[in-house]
Amino acid sequence: MTNRAGAIMIAAALACSSQAVFVSPSQAQSSGNGVSNFFGNIFSGPKSGPAPQAAPGPDGGPPAPPPWSGEDGASGHPLMTASAIRQAAANFQNCVASMWPDAARRNITQANFERFTADLEPDLRIMDLMDSQPEFTKAIWDYLDILVNDNRLAKGREILAKYKPQFDAAEKAYGVDRYAIASIWGIESNYSTQMGDRNVVQSTATLACIGRRQAYFRDEFLTALEILNRGDLRPEQMRGSWAGAFGPTQFMPTAFKRYAVDADGDGRRDVVDNAADLIASTANNLKKDGWQTGRSWGYEVVLPEGFNFMLADKAKAMTIAQWQSQGMKRADGKPFPDTTEKAYLLAPAGAQGPGFLMLQNFRVIMKYNPAEAYALAIGHFADRLRGGAPFVQPWPRQERVLSRAERLELQQLLAQRGFYRGTPDGQFGGQTREALRSFQASIGTPADGFASSDVLERLRGR
């Protein structure tokens, strides 16, 4: 599990390489922050029957969030059954109190521990969000259209101009491209307008005591207390996603602890309201994850006729020169700046769409959030902020995205034919793509791993 917001819950199952972008039961994050909000809005759907209606807020204010459904989680994990959740919730206060010795070992004062945990109640709605099971998916081209748009680009250019001294300083100190930082800021929180409104301490305490990932979130909870104990942030600043991510670039507490810096020397590392600290901390994160100064994230490329899509695999990196020997060219007609760089090929829409050669900086973005669709959006948005053009090649927008039921059926049919050896779950990862490629090769079609409705029909024998 990686270190920050989207990386926690949006794992590789943003199935970019299989046409659709979707969130697995362990992924979608918050109901109010940037990319996470995007996922929540698209994929929110009832497990069975109509969704519970939100009650009006106090004094006619905004509606309160919907309550916990009271249902078993979709993951089937024993700690996500309704009875296990209720039992853990009944013991919540004891669970929180039991973490005091660990807090003391982190030099959190008893007064602050009691202050920051007083009157905490579990937010059980998080259990539904943690185990959400999306019925419908979003095609990668629609995902990119939503995240890389004219309004966001305009706002990004305003941010780059407004905070030019801070971007100058961070770029000089860390060697990280300002456009990449501005891109993350824009996509994670729409430039600080959608950061999430859940109490981070409450969210991480809930997840530390209830559900299937308690050990992981115990560390996040205790680290959130460390941040408050040190005085870097005030309690009212610690609001974010249901998973505990906060601030314009959505730091998890442990990522904050690892990467946050006090860029302006005021004694606080404020990644929420201080632009200098925010920009420098995000740059420090990317730098420590291996960012290469002056290098691109990757290139859009044209795939030659008859291309062997078995090479479209992140484990099969080659030098640019080797890709050129395969007939690969940049889509914009420009030469590759350095043919000795190693890259892997990503073909998000298979033989019908553009290809991309992904470099080291793309891998770094994926450490920030391990989803190829997300990283592609970040890289492309950064290029557009720099003045670059849209992608050259068209996407197969005529393709219909498979529903979860159809994805599940596709895996089951692949398994029946001996191509898929995993457990069908409706989520497309590397194992599904490999099985799909093998099936496509067996019937003489391009083995691109693209989960089209036509491939499903072929599997059905129609």
# chains A, B, ... in the order shown; residues from 1 in each chain; ligands from 1
call {"tool": "residues_around", "arguments": {"residues": "segment 310-322 of chain A", "least_positions_apart": "2", "cutoff": "7 Å", "atoms": "only C-alpha atoms", "output": "PyMOL selection string"}}
result
chain A and resi 308+324-326+339-347+447
call {"tool": "write_last_selection", "arguments": {"atoms": "N, CA, C and O atoms", "output": "compact mmCIF listing (two decimals), in the first residue's frame"}}
result
# COMPACT_ATOMS: atom_id res chain seq x y z
N ASN A 308 2.68 -6.37 -32.20
CA ASN A 308 2.50 -7.44 -31.22
C ASN A 308 2.15 -6.84 -29.86
O ASN A 308 3.01 -6.34 -29.15
N GLN A 324 11.72 2.08 -31.39
CA GLN A 324 11.77 2.58 -32.76
C GLN A 324 12.03 1.44 -33.75
O GLN A 324 11.49 1.44 -34.86
N SER A 325 12.84 0.50 -33.34
CA SER A 325 13.11 -0.64 -34.22
C SER A 325 11.88 -1.50 -34.44
O SER A 325 11.81 -2.27 -35.41
N GLN A 326 10.88 -1.35 -33.55
CA GLN A 326 9.61 -2.05 -33.70
C GLN A 326 8.64 -1.28 -34.60
O GLN A 326 7.50 -1.69 -34.81
N THR A 339 16.99 8.60 -27.08
CA THR A 339 16.60 7.23 -27.46
C THR A 339 17.18 6.18 -26.52
O THR A 339 16.91 4.99 -26.69
N THR A 340 17.98 6.62 -25.53
CA THR A 340 18.52 5.64 -24.58
C THR A 340 17.61 5.46 -23.36
O THR A 340 17.83 4.54 -22.57
N GLU A 341 16.59 6.31 -23.21
CA GLU A 341 15.67 6.17 -22.09
C GLU A 341 14.87 4.87 -22.21
O GLU A 341 14.51 4.46 -23.31
N LYS A 342 14.60 4.26 -21.06
CA LYS A 342 13.79 3.04 -21.06
C LYS A 342 12.33 3.41 -20.82
O LYS A 342 12.01 4.29 -20.03
N ALA A 343 11.45 2.72 -21.52
CA ALA A 343 10.02 3.01 -21.44
C ALA A 343 9.24 1.71 -21.61
O ALA A 343 9.72 0.75 -22.20
N TYR A 344 8.04 1.72 -21.07
CA TYR A 344 7.13 0.61 -21.37
C TYR A 344 5.93 1.15 -22.12
O TYR A 344 5.64 2.35 -22.07
N LEU A 345 5.25 0.27 -22.83
CA LEU A 345 4.14 0.69 -23.68
C LEU A 345 2.82 0.50 -22.96
O LEU A 345 2.53 -0.57 -22.43
N LEU A 346 2.01 1.55 -22.97
CA LEU A 346 0.65 1.49 -22.46
C LEU A 346 -0.30 1.70 -23.65
O LEU A 346 -0.16 2.67 -24.38
N ALA A 347 -1.23 0.78 -23.82
CA ALA A 347 -2.23 0.89 -24.90
C ALA A 347 -3.61 0.85 -24.27
O ALA A 347 -4.26 -0.19 -24.24
N ALA A 447 -4.26 -9.16 -30.26
CA ALA A 447 -4.26 -9.57 -28.85
C ALA A 447 -3.91 -8.37 -27.98
O ALA A 447 -2.85 -8.31 -27.35
call {"tool": "select_by_dssp", "arguments": {"residues": "segment 294-375 of chain A", "states": "strand (DSSP E)", "output": "list in words"}}
result
Gly298, Tyr299, Glu300, Val301, Val302, Met318, Thr319, Lys329, Arg330, Lys342, Ala343, Tyr344, Leu345, Leu346, Gly355, Phe356, Leu357 and Met358 of chain A
call {"tool": "write_last_selection", "arguments": {"atoms": "all heavy atoms", "output": "tab-separated table (two decimals), in the first residue's frame"}}
result
chain	number	residue	atom	x	y	z
A	298	GLY	N	6.33	10.83	-20.58
A	298	GLY	CA	6.16	9.86	-21.66
A	298	GLY	C	5.74	10.53	-22.95
A	298	GLY	O	5.67	11.77	-23.04
A	299	TYR	N	5.46	9.71	-23.97
A	299	TYR	CA	5.14	10.23	-25.30
A	299	TYR	C	3.95	9.46	-25.90
A	299	TYR	O	3.88	8.23	-25.78
A	299	TYR	CB	6.33	10.06	-26.25
A	299	TYR	CG	7.62	10.66	-25.73
A	299	TYR	CD1	8.63	9.83	-25.24
A	299	TYR	CD2	7.82	12.03	-25.71
A	299	TYR	CE1	9.82	10.37	-24.76
A	299	TYR	CE2	9.00	12.58	-25.22
A	299	TYR	CZ	10.00	11.73	-24.74
A	299	TYR	OH	11.16	12.27	-24.25
A	300	GLU	N	3.07	10.19	-26.57
A	300	GLU	CA	2.05	9.53	-27.36
A	300	GLU	C	2.72	8.99	-28.62
A	300	GLU	O	3.48	9.70	-29.28
A	300	GLU	CB	0.93	10.51	-27.74
A	300	GLU	CG	-0.18	9.84	-28.55
A	300	GLU	CD	-1.20	10.82	-29.11
A	300	GLU	OE1	-1.08	12.03	-28.84
A	300	GLU	OE2	-2.10	10.36	-29.84
A	301	VAL	N	2.42	7.74	-28.96
A	301	VAL	CA	3.06	7.11	-30.11
A	301	VAL	C	2.03	6.45	-31.02
A	301	VAL	O	0.93	6.10	-30.59
A	301	VAL	CB	4.11	6.05	-29.67
A	301	VAL	CG1	5.28	6.71	-28.96
A	301	VAL	CG2	3.47	4.98	-28.79
A	302	VAL	N	2.42	6.30	-32.27
A	302	VAL	CA	1.60	5.59	-33.26
A	302	VAL	C	2.12	4.17	-33.33
A	302	VAL	O	3.32	3.94	-33.54
A	302	VAL	CB	1.70	6.27	-34.64
A	302	VAL	CG1	0.89	5.49	-35.67
A	302	VAL	CG2	1.24	7.71	-34.56
A	318	MET	N	11.72	-1.31	-22.70
A	318	MET	CA	12.85	-1.32	-23.63
A	318	MET	C	13.32	0.12	-23.82
A	318	MET	O	12.63	1.06	-23.44
A	318	MET	CB	12.43	-1.91	-24.98
A	318	MET	CG	12.00	-3.37	-24.93
A	318	MET	SD	11.80	-4.11	-26.59
A	318	MET	CE	10.33	-3.27	-27.17
A	319	THR	N	14.47	0.28	-24.43
A	319	THR	CA	14.92	1.63	-24.74
A	319	THR	C	14.06	2.20	-25.87
A	319	THR	O	13.45	1.45	-26.65
A	319	THR	CB	16.39	1.64	-25.19
A	319	THR	OG1	16.50	0.93	-26.43
A	319	THR	CG2	17.30	1.02	-24.14
A	329	LYS	N	6.67	5.41	-33.64
A	329	LYS	CA	6.98	6.82	-33.89
A	329	LYS	C	6.12	7.70	-33.00
A	329	LYS	O	5.02	7.30	-32.59
A	329	LYS	CB	6.71	7.17	-35.36
A	329	LYS	CG	7.57	6.42	-36.36
A	329	LYS	CD	7.20	6.81	-37.78
A	329	LYS	CE	8.05	6.06	-38.79
A	329	LYS	NZ	7.69	6.41	-40.19
A	330	ARG	N	6.62	8.90	-32.70
A	330	ARG	CA	5.81	9.85	-31.94
A	330	ARG	C	4.63	10.32	-32.77
A	330	ARG	O	4.74	10.54	-33.98
A	330	ARG	CB	6.66	11.05	-31.50
A	330	ARG	CG	7.64	10.73	-30.39
A	330	ARG	CD	8.37	11.97	-29.90
A	330	ARG	NE	7.48	12.92	-29.23
A	330	ARG	CZ	7.88	14.05	-28.66
A	330	ARG	NH1	9.17	14.39	-28.70
A	330	ARG	NH2	7.03	14.86	-28.08
A	342	LYS	N	14.60	4.26	-21.06
A	342	LYS	CA	13.79	3.04	-21.06
A	342	LYS	C	12.33	3.41	-20.82
A	342	LYS	O	12.01	4.29	-20.03
A	342	LYS	CB	14.27	2.07	-19.98
A	342	LYS	CG	15.65	1.50	-20.26
A	342	LYS	CD	15.94	0.27	-19.43
A	342	LYS	CE	15.28	-0.96	-20.00
A	342	LYS	NZ	15.70	-2.22	-19.33
A	343	ALA	N	11.45	2.72	-21.52
A	343	ALA	CA	10.02	3.01	-21.44
A	343	ALA	C	9.24	1.71	-21.61
A	343	ALA	O	9.72	0.75	-22.20
A	343	ALA	CB	9.62	4.00	-22.53
A	344	TYR	N	8.04	1.72	-21.07
A	344	TYR	CA	7.13	0.61	-21.37
A	344	TYR	C	5.93	1.15	-22.12
A	344	TYR	O	5.64	2.35	-22.07
A	344	TYR	CB	6.71	-0.15	-20.11
A	344	TYR	CG	5.70	0.52	-19.21
A	344	TYR	CD1	4.32	0.35	-19.40
A	344	TYR	CD2	6.10	1.30	-18.12
A	344	TYR	CE1	3.39	0.93	-18.57
A	344	TYR	CE2	5.17	1.89	-17.27
A	344	TYR	CZ	3.82	1.70	-17.49
A	344	TYR	OH	2.89	2.29	-16.66
A	345	LEU	N	5.25	0.27	-22.83
A	345	LEU	CA	4.14	0.69	-23.68
A	345	LEU	C	2.82	0.50	-22.96
A	345	LEU	O	2.53	-0.57	-22.43
A	345	LEU	CB	4.13	-0.11	-24.98
A	345	LEU	CG	2.96	0.22	-25.93
A	345	LEU	CD1	3.09	1.63	-26.48
A	345	LEU	CD2	2.89	-0.80	-27.06
A	346	LEU	N	2.01	1.55	-22.97
A	346	LEU	CA	0.65	1.49	-22.46
A	346	LEU	C	-0.30	1.70	-23.65
A	346	LEU	O	-0.16	2.67	-24.38
A	346	LEU	CB	0.42	2.59	-21.41
A	346	LEU	CG	-0.98	2.70	-20.81
A	346	LEU	CD1	-1.31	1.47	-19.98
A	346	LEU	CD2	-1.10	3.95	-19.96
A	355	GLY	N	-1.27	4.83	-28.43
A	355	GLY	CA	-0.33	4.18	-27.53
A	355	GLY	C	0.52	5.24	-26.84
A	355	GLY	O	0.61	6.38	-27.30
A	356	PHE	N	1.14	4.84	-25.74
A	356	PHE	CA	1.97	5.77	-24.98
A	356	PHE	C	3.21	5.03	-24.48
A	356	PHE	O	3.11	3.94	-23.91
A	356	PHE	CB	1.21	6.34	-23.79
A	356	PHE	CG	-0.05	7.07	-24.18
A	356	PHE	CD1	-1.26	6.40	-24.24
A	356	PHE	CD2	-0.01	8.42	-24.49
A	356	PHE	CE1	-2.42	7.06	-24.61
A	356	PHE	CE2	-1.17	9.09	-24.87
A	356	PHE	CZ	-2.38	8.40	-24.93
A	357	LEU	N	4.38	5.64	-24.69
A	357	LEU	CA	5.60	5.12	-24.10
A	357	LEU	C	5.83	5.83	-22.78
A	357	LEU	O	5.95	7.06	-22.74
A	357	LEU	CB	6.79	5.33	-25.04
A	357	LEU	CG	6.85	4.40	-26.27
A	357	LEU	CD1	8.09	4.70	-27.10
A	357	LEU	CD2	6.82	2.93	-25.85
A	358	MET	N	5.88	5.07	-21.70
A	358	MET	CA	5.92	5.63	-20.35
A	358	MET	C	7.32	5.55	-19.77
A	358	MET	O	7.93	4.49	-19.71
A	358	MET	CB	4.95	4.87	-19.44
A	358	MET	CG	3.51	4.91	-19.92
A	358	MET	SD	2.98	6.60	-20.37
A	358	MET	CE	1.19	6.38	-20.35
call {"tool": "residues_around", "arguments": {"residues": "Met238 of chain A", "least_positions_apart": "5", "cutoff": "7 Å", "atoms": "only C-alpha atoms", "output": "list in words"}}
result
Asn199, Val200 and Phe246 of chain A
call {"tool": "closest_atom_pairs", "arguments": {"of": "segment 192-214 of chain A", "to": "segment 220-224 of chain A", "cutoff": "9 Å", "atoms": "only C-alpha atoms", "output": "CSV"}}
result
residue,atom,partner,partner_atom,distance
A:Val200,CA,A:Ala224,CA,7.4
A:Val201,CA,A:Phe221,CA,6.2
A:Gln202,CA,A:Phe221,CA,8.4
A:Ser203,CA,A:Phe221,CA,8.2
A:Thr204,CA,A:Phe221,CA,4.8
A:Ala205,CA,A:Phe221,CA,5.6
A:Thr206,CA,A:Phe221,CA,8.9
A:Leu207,CA,A:Phe221,CA,8.5
A:Ala208,CA,A:Phe221,CA,6.9
call {"tool": "closest_residue", "arguments": {"among": "A:Lys138, A:Arg106, A:Lys367, A:Lys162", "to": "Ser403 of chain A", "atoms": "only C-alpha atoms"}}
result
A:Lys138
